[in-house]
Amino acid sequence: MYLSLLNEKQKNLFLGFAYHLSNIDDDFSDSERQMLDSYCVEMNVEFSNETEKNTIEELKNTAKAIFDEKSAKIVLFELIGLAMADKNYDGSERNLISELAEQFSVSQYFLEKCESLLSEYFDFQTKLNEFVLGQAV
């Protein structure tokens with residue numbers, strides 16, 4: 001939703017975080033894969049093999065220098081949405097997002113509010129799909 005507001009370096013780091021988050025629970029679902037593809041389209045970037053090579057620690061260290069409060073909140077919001085996309089927001093995903101929030105000095109309240117709003121958003125999207133298309137997507 002907000003990824004176009006990031007600069008190129010931030011976009012590439014976001015993709016690295018998104019890739020690691022998608023794989024952290026050993027369940028790289030179709031919905032997560034589709035979300036990564038849609039992020040690339042939204043940001044007008046391509047997912048490269050270089051993105052996969054960076055460790056999460058390397059990404060964290062690089063992120064310290066390039067994210068301000070607004071961009072950090074965008075990244076966290078979008079990562080929470082990704083983690084919730086497969087309806088299985090597990091402990092390993094939560095831990096990574098909490099670590100990033102702590103690193104970026106973003107409050108736990110912000111994370112909880114994102115989860116709540118995204119849950120409402122996904123529920124509403126399902127209702128719209130059922131109404132318009134006659135099915136849940």
# chains A, B, ... in the order shown; residues from 1 in each chain; ligands from 1
>>> select_by_dssp(residues="chain A", states="alpha helix (DSSP H)", output="ChimeraX atom specification")
/A:8-23,30-43,49-53,56-66,69-84,91-103,108-133
>>> closest_atom_pairs(of="segment 42-68 of chain A", to="segment 89-110 of chain A", cutoff="9 Å", atoms="only C-alpha atoms", output="Markdown table")
| residue | atom | partner | partner_atom | distance |
| --- | --- | --- | --- | --- |
| A:Lys60 | CA | A:Leu100 | CA | 7.6 |
| A:Ala63 | CA | A:Phe104 | CA | 8.8 |
| A:Lys64 | CA | A:Phe104 | CA | 7.4 |
| A:Phe67 | CA | A:Phe104 | CA | 7.8 |
| A:Asp68 | CA | A:Phe104 | CA | 8.0 |
>>> closest_residue(among="A:Ser38, A:Gln125, A:Thr55, A:Ser29", to="Met1 of chain A", atoms="only C-alpha atoms")
A:Ser38
>>> closest_residue(among="A:Asp37, A:Glu112, A:Asp26, A:Glu58", to="Leu82 of chain A", atoms="only C-alpha atoms")
A:Asp37
>>> closest_residue(among="A:Ser119, A:Gln135, A:Asn54, A:Asn12", to="Met84 of chain A", atoms="only C-alpha atoms")
A:Ser119
>>> closest_residue(among="A:Ser4, A:Phe122, A:Glu57, A:Ser48", to="Lys87 of chain A", atoms="only C-alpha atoms")
A:Phe122
>>> closest_residue(among="A:Glu8, A:Asp25, A:Asp30, A:Glu115", to="Leu76 of chain A", atoms="only C-alpha atoms")
A:Glu115
>>> residues_around(residues="Leu15 of chain A", least_positions_apart="3", cutoff="9 Å", atoms="only C-alpha atoms", output="list in words")
Gln10, Lys11, Asn12, Ala18, Tyr19, His20, Leu36, Tyr39, Cys40, Phe47 and Thr51 of chain A
